[in-house]
file start24.pdb (PDB, C-alpha atoms, pLDDT in the B column)
ATOM      1  CA  MET H  76    -225.584 -50.103 223.984  1.00 41.00           C
ATOM      2  CA  GLY H  77    -225.210 -53.210 226.098  1.00 50.00           C
ATOM      3  CA  LYS H  78    -222.763 -56.035 225.777  1.00 67.00           C
ATOM      4  CA  SER H  79    -223.211 -58.042 222.575  1.00 79.00           C
ATOM      5  CA  PRO H  80    -224.382 -61.646 223.038  1.00 83.00           C
ATOM      6  CA  LEU H  81    -221.680 -62.593 220.515  1.00 90.00           C
ATOM      7  CA  ASN H  82    -219.102 -61.891 223.228  1.00 88.00           C
ATOM      8  CA  SER H  83    -220.249 -65.125 224.889  1.00 90.00           C
ATOM      9  CA  ILE H  84    -218.959 -67.274 222.000  1.00 96.00           C
ATOM     10  CA  LYS H  85    -215.512 -68.868 222.037  1.00 97.00           C
ATOM     11  CA  ILE H  86    -213.933 -70.085 218.801  1.00 98.00           C
ATOM     12  CA  VAL H  87    -211.712 -73.027 219.763  1.00 98.00           C
ATOM     13  CA  LEU H  88    -209.167 -74.225 217.196  1.00 98.00           C
ATOM     14  CA  ASN H  89    -207.779 -77.627 218.145  1.00 97.00           C
ATOM     15  CA  GLN H  90    -204.258 -78.627 217.041  1.00 96.00           C
ATOM     16  CA  THR H  91    -204.162 -76.236 214.082  1.00 95.00           C
ATOM     17  CA  SER H  92    -201.133 -76.953 211.892  1.00 94.00           C
ATOM     18  CA  HIS H  93    -200.795 -73.870 209.648  1.00 95.00           C
ATOM     19  CA  PRO H  94    -200.252 -70.327 211.003  1.00 95.00           C
ATOM     20  CA  GLY H  95    -202.047 -68.817 208.012  1.00 96.00           C
ATOM     21  CA  ASN H  96    -205.245 -70.625 208.953  1.00 96.00           C
ATOM     22  CA  ILE H  97    -205.097 -69.188 212.455  1.00 97.00           C
ATOM     23  CA  GLY H  98    -204.638 -65.666 211.128  1.00 97.00           C
ATOM     24  CA  ALA H  99    -207.396 -66.044 208.539  1.00 97.00           C
ATOM     25  CA  ALA H 100    -209.740 -67.489 211.180  1.00 97.00           C
ATOM     26  CA  ALA H 101    -209.093 -64.440 213.382  1.00 97.00           C
ATOM     27  CA  ARG H 102    -209.967 -62.160 210.456  1.00 97.00           C
ATOM     28  CA  ALA H 103    -213.144 -64.171 209.785  1.00 96.00           C
ATOM     29  CA  MET H 104    -214.160 -63.828 213.427  1.00 96.00           C
ATOM     30  CA  LYS H 105    -213.643 -60.076 213.604  1.00 96.00           C
ATOM     31  CA  THR H 106    -215.654 -59.354 210.456  1.00 95.00           C
ATOM     32  CA  MET H 107    -218.603 -61.100 212.112  1.00 95.00           C
ATOM     33  CA  GLY H 108    -218.269 -59.494 215.547  1.00 94.00           C
ATOM     34  CA  LEU H 109    -216.629 -62.398 217.402  1.00 95.00           C
ATOM     35  CA  ARG H 110    -213.478 -61.799 219.432  1.00 95.00           C
ATOM     36  CA  ASP H 111    -212.733 -64.746 221.743  1.00 96.00           C
ATOM     37  CA  LEU H 112    -210.175 -67.129 220.180  1.00 98.00           C
ATOM     38  CA  ILE H 113    -208.658 -70.140 221.955  1.00 98.00           C
ATOM     39  CA  LEU H 114    -205.840 -72.203 220.440  1.00 98.00           C
ATOM     40  CA  VAL H 115    -205.460 -75.733 221.822  1.00 97.00           C
ATOM     41  CA  ASN H 116    -202.045 -77.297 221.326  1.00 96.00           C
ATOM     42  CA  PRO H 117    -201.317 -75.470 218.043  1.00 95.00           C
ATOM     43  CA  LYS H 118    -198.660 -77.115 215.885  1.00 92.00           C
ATOM     44  CA  THR H 119    -197.240 -73.727 214.938  1.00 89.00           C
ATOM     45  CA  SER H 120    -196.463 -70.395 216.553  1.00 90.00           C
ATOM     46  CA  LEU H 121    -198.243 -67.125 215.845  1.00 94.00           C
ATOM     47  CA  ASP H 122    -195.605 -65.952 213.390  1.00 94.00           C
ATOM     48  CA  THR H 123    -195.490 -63.273 210.701  1.00 95.00           C
ATOM     49  CA  VAL H 124    -197.588 -65.451 208.378  1.00 96.00           C
ATOM     50  CA  ALA H 125    -200.396 -65.630 210.959  1.00 96.00           C
ATOM     51  CA  TYR H 126    -200.341 -61.869 211.518  1.00 96.00           C
ATOM     52  CA  ALA H 127    -200.219 -61.142 207.779  1.00 96.00           C
ATOM     53  CA  ARG H 128    -203.296 -63.318 207.144  1.00 96.00           C
ATOM     54  CA  ALA H 129    -205.104 -61.714 210.088  1.00 96.00           C
ATOM     55  CA  SER H 130    -204.838 -58.328 208.339  1.00 92.00           C
ATOM     56  CA  GLY H 131    -206.773 -55.871 210.528  1.00 92.00           C
ATOM     57  CA  ALA H 132    -207.632 -58.524 213.119  1.00 95.00           C
ATOM     58  CA  THR H 133    -204.220 -58.737 214.767  1.00 96.00           C
ATOM     59  CA  ASP H 134    -205.833 -57.744 218.066  1.00 96.00           C
ATOM     60  CA  ILE H 135    -207.696 -61.080 218.015  1.00 97.00           C
ATOM     61  CA  LEU H 136    -204.347 -62.893 217.793  1.00 96.00           C
ATOM     62  CA  ASP H 137    -202.819 -60.679 220.496  1.00 96.00           C
ATOM     63  CA  SER H 138    -205.588 -61.634 222.938  1.00 96.00           C
ATOM     64  CA  ALA H 139    -205.846 -65.304 221.899  1.00 97.00           C
ATOM     65  CA  VAL H 140    -205.576 -67.838 224.721  1.00 97.00           C
ATOM     66  CA  ILE H 141    -203.155 -70.707 224.070  1.00 97.00           C
ATOM     67  CA  THR H 142    -203.488 -73.928 226.060  1.00 96.00           C
ATOM     68  CA  ARG H 143    -202.382 -77.550 225.725  1.00 94.00           C
ATOM     69  CA  ASN H 144    -205.541 -78.931 227.314  1.00 94.00           C
ATOM     70  CA  LEU H 145    -208.856 -79.131 225.441  1.00 96.00           C
ATOM     71  CA  ASP H 146    -210.852 -79.648 228.642  1.00 95.00           C
ATOM     72  CA  ILE H 147    -209.484 -76.392 230.046  1.00 95.00           C
ATOM     73  CA  ALA H 148    -210.393 -74.572 226.819  1.00 96.00           C
ATOM     74  CA  LEU H 149    -214.001 -75.780 227.065  1.00 96.00           C
ATOM     75  CA  SER H 150    -214.399 -75.706 230.847  1.00 94.00           C
ATOM     76  CA  GLU H 151    -216.320 -72.404 231.190  1.00 92.00           C
ATOM     77  CA  SER H 152    -218.699 -73.036 228.283  1.00 95.00           C
ATOM     78  CA  GLN H 153    -222.148 -74.456 228.955  1.00 93.00           C
ATOM     79  CA  ILE H 154    -222.728 -75.510 225.349  1.00 94.00           C
ATOM     80  CA  VAL H 155    -219.978 -77.040 223.194  1.00 96.00           C
ATOM     81  CA  ILE H 156    -220.641 -77.540 219.488  1.00 97.00           C
ATOM     82  CA  ALA H 157    -218.402 -79.507 217.139  1.00 95.00           C
ATOM     83  CA  THR H 158    -217.927 -78.455 213.533  1.00 92.00           C
ATOM     84  CA  SER H 159    -217.237 -80.820 210.648  1.00 78.00           C
ATOM     85  CA  ALA H 160    -217.818 -81.392 206.950  1.00 66.00           C
ATOM     86  CA  ARG H 161    -218.700 -85.031 207.550  1.00 62.00           C
ATOM     87  CA  GLN H 162    -220.643 -87.323 209.854  1.00 64.00           C
ATOM     88  CA  ARG H 163    -218.834 -89.607 212.287  1.00 65.00           C
ATOM     89  CA  ASN H 164    -220.210 -92.529 214.277  1.00 68.00           C
ATOM     90  CA  ILE H 165    -220.835 -90.551 217.467  1.00 69.00           C
ATOM     91  CA  LYS H 166    -224.591 -90.114 217.834  1.00 78.00           C
ATOM     92  CA  ILE H 167    -225.127 -86.463 218.722  1.00 86.00           C
ATOM     93  CA  PRO H 168    -227.682 -84.048 217.193  1.00 90.00           C
ATOM     94  CA  THR H 169    -226.443 -82.518 213.934  1.00 92.00           C
ATOM     95  CA  PHE H 170    -227.461 -79.283 212.208  1.00 94.00           C
ATOM     96  CA  ASN H 171    -226.446 -77.276 209.180  1.00 94.00           C
ATOM     97  CA  PRO H 172    -224.868 -73.834 209.847  1.00 95.00           C
ATOM     98  CA  LYS H 173    -228.109 -71.861 209.459  1.00 94.00           C
ATOM     99  CA  GLU H 174    -230.068 -74.167 211.787  1.00 95.00           C
ATOM    100  CA  ALA H 175    -227.243 -74.171 214.303  1.00 95.00           C
ATOM    101  CA  ALA H 176    -226.958 -70.377 214.221  1.00 95.00           C
ATOM    102  CA  LEU H 177    -230.585 -69.964 215.275  1.00 93.00           C
ATOM    103  CA  ARG H 178    -230.103 -72.406 218.150  1.00 93.00           C
ATOM    104  CA  ILE H 179    -226.853 -70.731 219.202  1.00 94.00           C
ATOM    105  CA  ASN H 180    -228.481 -67.298 219.322  1.00 92.00           C
ATOM    106  CA  GLU H 181    -231.327 -68.648 221.435  1.00 90.00           C
ATOM    107  CA  SER H 182    -228.695 -69.898 223.877  1.00 90.00           C
ATOM    108  CA  LEU H 183    -226.827 -66.587 223.821  1.00 91.00           C
ATOM    109  CA  ASN H 184    -230.030 -64.667 224.484  1.00 87.00           C
ATOM    110  CA  SER H 185    -230.578 -66.933 227.486  1.00 87.00           C
ATOM    111  CA  GLY H 186    -227.211 -65.893 228.893  1.00 89.00           C
ATOM    112  CA  LEU H 187    -225.394 -69.148 228.092  1.00 91.00           C
ATOM    113  CA  LYS H 188    -221.740 -69.408 227.062  1.00 93.00           C
ATOM    114  CA  VAL H 189    -221.067 -71.261 223.803  1.00 96.00           C
ATOM    115  CA  ALA H 190    -217.873 -72.821 222.425  1.00 97.00           C
ATOM    116  CA  LEU H 191    -217.462 -73.764 218.755  1.00 98.00           C
ATOM    117  CA  LEU H 192    -214.825 -76.467 218.362  1.00 98.00           C
ATOM    118  CA  PHE H 193    -212.879 -76.818 215.106  1.00 97.00           C
ATOM    119  CA  GLY H 194    -210.512 -79.735 214.520  1.00 94.00           C
ATOM    120  CA  ASN H 195    -207.131 -80.111 212.873  1.00 92.00           C
ATOM    121  CA  GLU H 196    -206.945 -79.362 209.124  1.00 90.00           C
ATOM    122  CA  GLN H 197    -205.938 -82.894 208.149  1.00 87.00           C
ATOM    123  CA  HIS H 198    -207.855 -85.068 210.606  1.00 86.00           C
ATOM    124  CA  GLY H 199    -210.736 -82.974 211.934  1.00 89.00           C
ATOM    125  CA  LEU H 200    -212.104 -83.986 215.328  1.00 90.00           C
ATOM    126  CA  SER H 201    -211.605 -87.435 216.840  1.00 89.00           C
ATOM    127  CA  ASN H 202    -214.451 -89.468 218.324  1.00 87.00           C
ATOM    128  CA  LEU H 203    -213.111 -88.707 221.803  1.00 89.00           C
ATOM    129  CA  GLU H 204    -213.155 -84.967 221.077  1.00 91.00           C
ATOM    130  CA  LEU H 205    -216.676 -85.194 219.636  1.00 90.00           C
ATOM    131  CA  GLN H 206    -217.865 -86.809 222.870  1.00 89.00           C
ATOM    132  CA  LYS H 207    -217.130 -83.528 224.634  1.00 91.00           C
ATOM    133  CA  CYS H 208    -219.758 -81.793 222.473  1.00 93.00           C
ATOM    134  CA  GLN H 209    -223.547 -81.645 222.819  1.00 92.00           C
ATOM    135  CA  GLU H 210    -224.217 -80.910 219.137  1.00 93.00           C
ATOM    136  CA  GLN H 211    -222.454 -80.921 215.784  1.00 94.00           C
ATOM    137  CA  ILE H 212    -222.541 -78.555 212.825  1.00 96.00           C
ATOM    138  CA  ILE H 213    -222.052 -80.270 209.480  1.00 92.00           C
ATOM    139  CA  ILE H 214    -221.315 -77.938 206.586  1.00 91.00           C
ATOM    140  CA  PRO H 215    -222.888 -79.296 203.383  1.00 88.00           C
ATOM    141  CA  THR H 216    -220.328 -79.834 200.621  1.00 86.00           C
ATOM    142  CA  SER H 217    -220.117 -81.475 197.230  1.00 85.00           C
ATOM    143  CA  ASN H 218    -219.857 -85.264 197.278  1.00 83.00           C
ATOM    144  CA  GLU H 219    -217.032 -84.970 194.756  1.00 86.00           C
ATOM    145  CA  TYR H 220    -214.822 -82.875 197.035  1.00 83.00           C
ATOM    146  CA  ARG H 221    -215.521 -82.415 200.741  1.00 77.00           C
ATOM    147  CA  SER H 222    -212.283 -80.780 201.887  1.00 79.00           C
ATOM    148  CA  LEU H 223    -213.071 -77.359 203.342  1.00 86.00           C
ATOM    149  CA  ASN H 224    -210.402 -74.892 204.454  1.00 92.00           C
ATOM    150  CA  LEU H 225    -210.429 -74.290 208.223  1.00 94.00           C
ATOM    151  CA  ALA H 226    -210.692 -70.502 208.000  1.00 94.00           C
ATOM    152  CA  THR H 227    -213.468 -70.822 205.416  1.00 94.00           C
ATOM    153  CA  ALA H 228    -215.415 -73.056 207.788  1.00 94.00           C
ATOM    154  CA  VAL H 229    -214.965 -70.501 210.563  1.00 96.00           C
ATOM    155  CA  GLN H 230    -216.163 -67.723 208.233  1.00 96.00           C
ATOM    156  CA  LEU H 231    -219.260 -69.652 207.118  1.00 95.00           C
ATOM    157  CA  ILE H 232    -220.418 -70.463 210.622  1.00 96.00           C
ATOM    158  CA  CYS H 233    -219.600 -67.042 212.087  1.00 96.00           C
ATOM    159  CA  TYR H 234    -221.518 -65.418 209.214  1.00 95.00           C
ATOM    160  CA  GLU H 235    -224.656 -67.453 209.945  1.00 95.00           C
ATOM    161  CA  ILE H 236    -224.393 -66.650 213.660  1.00 95.00           C
ATOM    162  CA  PHE H 237    -223.950 -62.935 212.899  1.00 93.00           C
ATOM    163  CA  CYS H 238    -227.010 -62.903 210.626  1.00 92.00           C
ATOM    164  CA  ALA H 239    -229.133 -64.857 213.098  1.00 90.00           C
ATOM    165  CA  ASN H 240    -228.064 -62.523 215.903  1.00 87.00           C
ATOM    166  CA  ASN H 241    -229.199 -59.477 213.926  1.00 79.00           C
ATOM    167  CA  ILE H 242    -232.566 -61.124 213.313  1.00 64.00           C
ATOM    168  CA  SER H 243    -233.199 -62.439 216.818  1.00 50.00           C
ATOM    169  CA  ASN H 244    -231.384 -59.773 218.855  1.00 49.00           C
ATOM    170  CA  LYS H 245    -233.410 -58.931 221.957  1.00 45.00           C
ATOM    171  CA  GLU H 246    -233.179 -55.894 224.238  1.00 39.00           C
ATOM    172  CA  THR H 247    -234.040 -58.033 227.245  1.00 36.00           C
ATOM    173  CA  ILE H 248    -231.955 -61.128 227.817  1.00 40.00           C
ATOM    174  CA  THR H 249    -233.287 -63.930 229.973  1.00 40.00           C
ATOM    175  CA  LYS H 250    -230.529 -65.204 232.205  1.00 45.00           C
ATOM    176  CA  CYS H 251    -229.855 -68.894 232.672  1.00 50.00           C
ATOM    177  CA  ASP H 252    -226.753 -68.721 234.825  1.00 55.00           C
ATOM    178  CA  ASP H 253    -227.344 -72.100 236.507  1.00 76.00           C
ATOM    179  CA  ARG H 254    -226.676 -74.124 233.347  1.00 83.00           C
ATOM    180  CA  ALA H 255    -223.838 -76.541 234.114  1.00 87.00           C
ATOM    181  CA  SER H 256    -220.507 -75.784 232.467  1.00 85.00           C
ATOM    182  CA  SER H 257    -218.592 -78.244 230.307  1.00 86.00           C
ATOM    183  CA  ASP H 258    -216.144 -78.772 233.164  1.00 90.00           C
ATOM    184  CA  GLU H 259    -218.957 -79.647 235.602  1.00 90.00           C
ATOM    185  CA  ILE H 260    -220.417 -82.155 233.124  1.00 89.00           C
ATOM    186  CA  GLU H 261    -216.992 -83.738 232.582  1.00 88.00           C
ATOM    187  CA  ARG H 262    -216.478 -84.115 236.338  1.00 90.00           C
ATOM    188  CA  LEU H 263    -219.934 -85.671 236.718  1.00 93.00           C
ATOM    189  CA  PHE H 264    -219.193 -88.074 233.852  1.00 88.00           C
ATOM    190  CA  THR H 265    -215.876 -89.080 235.434  1.00 91.00           C
ATOM    191  CA  HIS H 266    -217.641 -89.631 238.774  1.00 94.00           C
ATOM    192  CA  ILE H 267    -220.321 -91.812 237.158  1.00 91.00           C
ATOM    193  CA  ILE H 268    -217.729 -93.968 235.381  1.00 88.00           C
ATOM    194  CA  SER H 269    -215.727 -94.332 238.590  1.00 87.00           C
ATOM    195  CA  THR H 270    -218.814 -95.425 240.565  1.00 87.00           C
ATOM    196  CA  LEU H 271    -219.935 -97.885 237.879  1.00 86.00           C
ATOM    197  CA  ARG H 272    -216.502 -99.479 237.890  1.00 83.00           C
ATOM    198  CA  HIS H 273    -216.526 -99.611 241.670  1.00 82.00           C
ATOM    199  CA  ILE H 274    -219.777-101.601 241.671  1.00 82.00           C
ATOM    200  CA  ASP H 275    -218.494-103.840 238.832  1.00 78.00           C
ATOM    201  CA  TYR H 276    -221.117-102.666 236.360  1.00 80.00           C
ATOM    202  CA  LEU H 277    -218.652-101.773 233.629  1.00 78.00           C
ATOM    203  CA  GLU H 278    -216.853-104.594 231.890  1.00 70.00           C
ATOM    204  CA  ASP H 279    -213.901-103.941 229.608  1.00 69.00           C
ATOM    205  CA  LYS H 280    -215.590-105.321 226.489  1.00 63.00           C
ATOM    206  CA  ARG H 281    -218.615-103.005 226.750  1.00 68.00           C
ATOM    207  CA  SER H 282    -217.278-100.049 228.752  1.00 77.00           C
ATOM    208  CA  THR H 283    -216.531 -97.877 225.704  1.00 79.00           C
ATOM    209  CA  LYS H 284    -220.049 -98.111 224.235  1.00 80.00           C
ATOM    210  CA  ILE H 285    -221.713 -97.513 227.593  1.00 82.00           C
ATOM    211  CA  SER H 286    -219.439 -94.552 228.284  1.00 85.00           C
ATOM    212  CA  GLN H 287    -220.310 -92.984 224.935  1.00 82.00           C
ATOM    213  CA  LYS H 288    -224.049 -93.426 225.517  1.00 82.00           C
ATOM    214  CA  LEU H 289    -223.803 -91.957 229.013  1.00 86.00           C
ATOM    215  CA  LYS H 290    -222.017 -88.888 227.644  1.00 81.00           C
ATOM    216  CA  VAL H 291    -224.794 -88.365 225.080  1.00 81.00           C
ATOM    217  CA  ILE H 292    -227.421 -88.609 227.854  1.00 82.00           C
ATOM    218  CA  LEU H 293    -225.620 -86.042 230.016  1.00 85.00           C
ATOM    219  CA  HIS H 294    -225.427 -83.558 227.150  1.00 81.00           C
ATOM    220  CA  LYS H 295    -228.994 -84.155 225.984  1.00 80.00           C
ATOM    221  CA  TYR H 296    -230.752 -83.066 229.170  1.00 78.00           C
ATOM    222  CA  GLU H 297    -228.929 -79.734 229.625  1.00 79.00           C
ATOM    223  CA  LEU H 298    -228.303 -80.184 233.340  1.00 87.00           C
ATOM    224  CA  THR H 299    -228.012 -77.219 235.682  1.00 87.00           C
ATOM    225  CA  THR H 300    -225.242 -76.809 238.225  1.00 89.00           C
ATOM    226  CA  SER H 301    -227.627 -77.680 241.069  1.00 87.00           C
ATOM    227  CA  GLN H 302    -228.757 -80.864 239.275  1.00 88.00           C
ATOM    228  CA  VAL H 303    -225.141 -81.901 238.770  1.00 89.00           C
ATOM    229  CA  GLN H 304    -224.488 -81.339 242.480  1.00 89.00           C
ATOM    230  CA  ILE H 305    -227.473 -83.528 243.401  1.00 89.00           C
ATOM    231  CA  LEU H 306    -226.337 -86.340 241.108  1.00 90.00           C
ATOM    232  CA  ARG H 307    -222.790 -86.187 242.440  1.00 92.00           C
ATOM    233  CA  GLY H 308    -224.155 -86.262 245.990  1.00 89.00           C
ATOM    234  CA  VAL H 309    -226.087 -89.441 245.151  1.00 87.00           C
ATOM    235  CA  LEU H 310    -222.982 -90.988 243.613  1.00 91.00           C
ATOM    236  CA  THR H 311    -220.932 -90.083 246.683  1.00 89.00           C
ATOM    237  CA  GLN H 312    -223.425 -91.864 248.964  1.00 89.00           C
ATOM    238  CA  ILE H 313    -223.324 -94.938 246.701  1.00 85.00           C
ATOM    239  CA  ASP H 314    -219.536 -94.857 246.851  1.00 83.00           C
ATOM    240  CA  LYS H 315    -219.581 -94.683 250.662  1.00 82.00           C
ATOM    241  CA  ARG H 316    -222.120 -97.501 251.088  1.00 79.00           C
ATOM    242  CA  THR H 317    -220.391 -99.872 248.674  1.00 78.00           C
ATOM    243  CA  TYR H 318    -217.009 -99.078 250.215  1.00 69.00           C
ATOM    244  CA  LYS H 319    -218.302-100.065 253.642  1.00 54.00           C
ATOM    245  CA  LYS H 320    -219.735-103.344 252.313  1.00 56.00           C
ATOM    246  CA  THR H 321    -216.527-104.311 250.555  1.00 51.00           C
ATOM    247  CA  ASN H 322    -214.535-103.645 253.707  1.00 50.00           C
ATOM    248  CA  VAL H 323    -216.709-105.600 256.201  1.00 39.00           C
TER
END
call {"tool": "encode", "arguments": {"input": "start24.pdb", "output": "structure tokens"}}
result
Amino acid sequence: MGKSPLNSIKIVLNQTSHPGNIGAAARAMKTMGLRDLILVNPKTSLDTVAYARASGATDILDSAVITRNLDIALSESQIVIATSARQRNIKIPTFNPKEAALRINESLNSGLKVALLFGNEQHGLSNLELQKCQEQIIIPTSNEYRSLNLATAVQLICYEIFCANNISNKETITKCDDRASSDEIERLFTHIISTLRHIDYLEDKRSTKISQKLKVILHKYELTTSQVQILRGVLTQIDKRTYKKTNV
């Protein structure tokens, strides 16, 4: 048997505050065939509580990557998907878990790397963190009580992905290795903002809204690495020309 497409999914837990949730999330992952766990700036250590809640999935905790930088955690992934129980004011495409699972498996069968980003238990994901994502999964909940346990959310979404993978699993996988990574998109975005400021296009009072809209555009068109390189080459030439003019 070949490598499972599910191996190309990273579960990224951002600023998790309770060790039990980390352990339970690891257990949820393993039951659904996922193994790649990244912890970003966790507020707790992987203590005995975490390992007790992990049960037979302690190997997931043993191999978990711990980092203080969210950008580093997402850098290798070509698709980053936020997860939440509620809608925020960042305009990115949203799907329920079943819809998202079908889309995720299409991406996996195309050879793409996917990261699922889960926020802190109390505060979820900030607008700035959501801007790093191309899509968002919203888990439907009762209007009377929307609070969903972190590990439960991980279990729900991993279950839908596991089921969709069994349905859509293909023997032949079409590769799409040129899809730009999250890190490449972030560097392009930073370059665009720098150039726009250099030519005095961005003003302080409207820079935030324009920046948000530009990020949505970059994620929407699923740029390849070669397309990113072309765009950065164009920006570099603009930078050089405007630098010369301002220094005449």
call {"tool": "residues_around", "arguments": {"input": "start24.pdb", "residues": "Thr265 in chain H", "least_positions_apart": "5", "cutoff": "12 Å", "atoms": "only C-alpha atoms", "output": "VMD selection string"}}
result
chain H and resid 258 to 260 270 to 272 286 289 to 290 293 307 310
call {"tool": "resolve_selection", "arguments": {"input": "start24.pdb", "expression": "the PyMOL selection byres ((chain H and resi 239) around 9)", "output": "mmCIF file with C-alpha atoms, in the coordinates of the input"}}
result
data_model
loop_
_atom_site.group_PDB
_atom_site.id
_atom_site.type_symbol
_atom_site.label_atom_id
_atom_site.label_comp_id
_atom_site.auth_asym_id
_atom_site.auth_seq_id
_atom_site.Cartn_x
_atom_site.Cartn_y
_atom_site.Cartn_z
ATOM 1 C CA LYS H 173 -228.109 -71.861 209.459
ATOM 2 C CA ALA H 176 -226.958 -70.377 214.221
ATOM 3 C CA LEU H 177 -230.585 -69.964 215.275
ATOM 4 C CA ILE H 179 -226.853 -70.731 219.202
ATOM 5 C CA ASN H 180 -228.481 -67.298 219.322
ATOM 6 C CA TYR H 234 -221.518 -65.418 209.214
ATOM 7 C CA GLU H 235 -224.656 -67.453 209.945
ATOM 8 C CA ILE H 236 -224.393 -66.650 213.660
ATOM 9 C CA PHE H 237 -223.950 -62.935 212.899
ATOM 10 C CA CYS H 238 -227.010 -62.903 210.626
ATOM 11 C CA ASN H 240 -228.064 -62.523 215.903
ATOM 12 C CA ASN H 241 -229.199 -59.477 213.926
ATOM 13 C CA ILE H 242 -232.566 -61.124 213.313
ATOM 14 C CA SER H 243 -233.199 -62.439 216.818
ATOM 15 C CA ASN H 244 -231.384 -59.773 218.855
#
call {"tool": "residues_near_point", "arguments": {"input": "start24.pdb", "point": "(-213.0, -97.9, 229.0)", "cutoff": "12 Å", "atoms": "all atoms listed in the file", "output": "ChimeraX atom specification"}}
result
/H:203,265,268-269,271-272,276-287
call {"tool": "closest_residue", "arguments": {"input": "start24.pdb", "among": "H:Ile292, H:Leu200, H:Val229, H:Leu298", "to": "Met104 in chain H", "atoms": "only C-alpha atoms"}}
result
H:Val229
call {"tool": "residues_around", "arguments": {"input": "start24.pdb", "residues": "Gly199 in chain H", "least_positions_apart": "5", "cutoff": "9 Å", "atoms": "all atoms listed in the file", "output": "list in words"}}
result
Asn89, Thr158, Ser159, Ala160, Phe193 and Gly194 of chain H
call {"tool": "resolve_selection", "arguments": {"input": "start24.pdb", "expression": "the PyMOL selection byres ((chain H and resi 143-156) around 6)", "output": "PDB file with C-alpha atoms, keeping the file's coordinate frame"}}
result
ATOM      1  CA  VAL H 115    -205.460 -75.733 221.822  1.00 97.00           C
ATOM      2  CA  ASN H 116    -202.045 -77.297 221.326  1.00 96.00           C
ATOM      3  CA  THR H 142    -203.488 -73.928 226.060  1.00 96.00           C
ATOM      4  CA  ALA H 157    -218.402 -79.507 217.139  1.00 95.00           C
ATOM      5  CA  LYS H 188    -221.740 -69.408 227.062  1.00 93.00           C
ATOM      6  CA  VAL H 189    -221.067 -71.261 223.803  1.00 96.00           C
ATOM      7  CA  ALA H 190    -217.873 -72.821 222.425  1.00 97.00           C
ATOM      8  CA  LEU H 191    -217.462 -73.764 218.755  1.00 98.00           C
ATOM      9  CA  CYS H 208    -219.758 -81.793 222.473  1.00 93.00           C
ATOM     10  CA  GLN H 209    -223.547 -81.645 222.819  1.00 92.00           C
ATOM     11  CA  GLU H 210    -224.217 -80.910 219.137  1.00 93.00           C
ATOM     12  CA  GLN H 211    -222.454 -80.921 215.784  1.00 94.00           C
ATOM     13  CA  ALA H 255    -223.838 -76.541 234.114  1.00 87.00           C
ATOM     14  CA  SER H 256    -220.507 -75.784 232.467  1.00 85.00           C
ATOM     15  CA  SER H 257    -218.592 -78.244 230.307  1.00 86.00           C
ATOM     16  CA  ASP H 258    -216.144 -78.772 233.164  1.00 90.00           C
TER      17      ASP H 258
END
call {"tool": "residues_around", "arguments": {"input": "start24.pdb", "residues": "Asp122 in chain H", "least_positions_apart": "3", "cutoff": "9 Å", "atoms": "only C-alpha atoms", "output": "PyMOL selection string"}}
result
chain H and resi 94-95+119+125-127
call {"tool": "closest_residue", "arguments": {"input": "start24.pdb", "among": "H:Leu225, H:Ala103, H:Leu263, H:Leu112", "to": "Val140 in chain H", "atoms": "only C-alpha atoms"}}
result
H:Leu112
call {"tool": "atom_distance", "arguments": {"input": "start24.pdb", "atom1": "CA of Thr300 in chain H", "atom2": "CA of Phe264 in chain H"}}
result
13.5 Å
call {"tool": "resolve_selection", "arguments": {"input": "start24.pdb", "expression": "the PyMOL selection byres ((chain H and resi 105) around 12)", "output": "NGL selection string"}}
result
:H and (81-82 or 86 or 98-104 or 106-112 or 129-136 or 229-230 or 233-234 or 237)
call {"tool": "closest_residue", "arguments": {"input": "start24.pdb", "among": "H:Val291, H:Thr169, H:His93, H:Leu205", "to": "Arg128 in chain H", "atoms": "all atoms listed in the file"}}
result
H:His93
call {"tool": "decode", "arguments": {"input": "start24.pdb", "residues": "range 264-272 of chain H", "atoms": "N, CA and C atoms", "output": "JSON list (two decimals), in the first residue's frame"}}
result
[["chain", "number", "residue", "atom", "x", "y", "z"],
["H", 264, "PHE", "N", 2.95, 38.69, -0.05],
["H", 264, "PHE", "CA", 2.07, 39.69, 0.57],
["H", 264, "PHE", "C", 2.91, 40.80, 1.21],
["H", 265, "THR", "N", 3.93, 40.42, 1.94],
["H", 265, "THR", "CA", 4.81, 41.41, 2.58],
["H", 265, "THR", "C", 5.49, 42.29, 1.54],
["H", 266, "HIS", "N", 5.90, 41.69, 0.42],
["H", 266, "HIS", "CA", 6.55, 42.44, -0.66],
["H", 266, "HIS", "C", 5.57, 43.43, -1.29],
["H", 267, "ILE", "N", 4.33, 42.99, -1.51],
["H", 267, "ILE", "CA", 3.32, 43.88, -2.09],
["H", 267, "ILE", "C", 3.08, 45.08, -1.19],
["H", 268, "ILE", "N", 2.90, 44.83, 0.11],
["H", 268, "ILE", "CA", 2.63, 45.91, 1.06],
["H", 268, "ILE", "C", 3.81, 46.88, 1.10],
["H", 269, "SER", "N", 5.02, 46.34, 1.08],
["H", 269, "SER", "CA", 6.21, 47.19, 1.10],
["H", 269, "SER", "C", 6.27, 48.09, -0.13],
["H", 270, "THR", "N", 5.99, 47.52, -1.31],
["H", 270, "THR", "CA", 6.01, 48.29, -2.55],
["H", 270, "THR", "C", 4.93, 49.36, -2.57],
["H", 271, "LEU", "N", 3.73, 49.01, -2.13],
["H", 271, "LEU", "CA", 2.62, 49.97, -2.10],
["H", 271, "LEU", "C", 2.91, 51.14, -1.16],
["H", 272, "ARG", "N", 3.59, 50.85, -0.07],
["H", 272, "ARG", "CA", 3.98, 51.94, 0.84],
["H", 272, "ARG", "C", 5.07, 52.80, 0.21]]
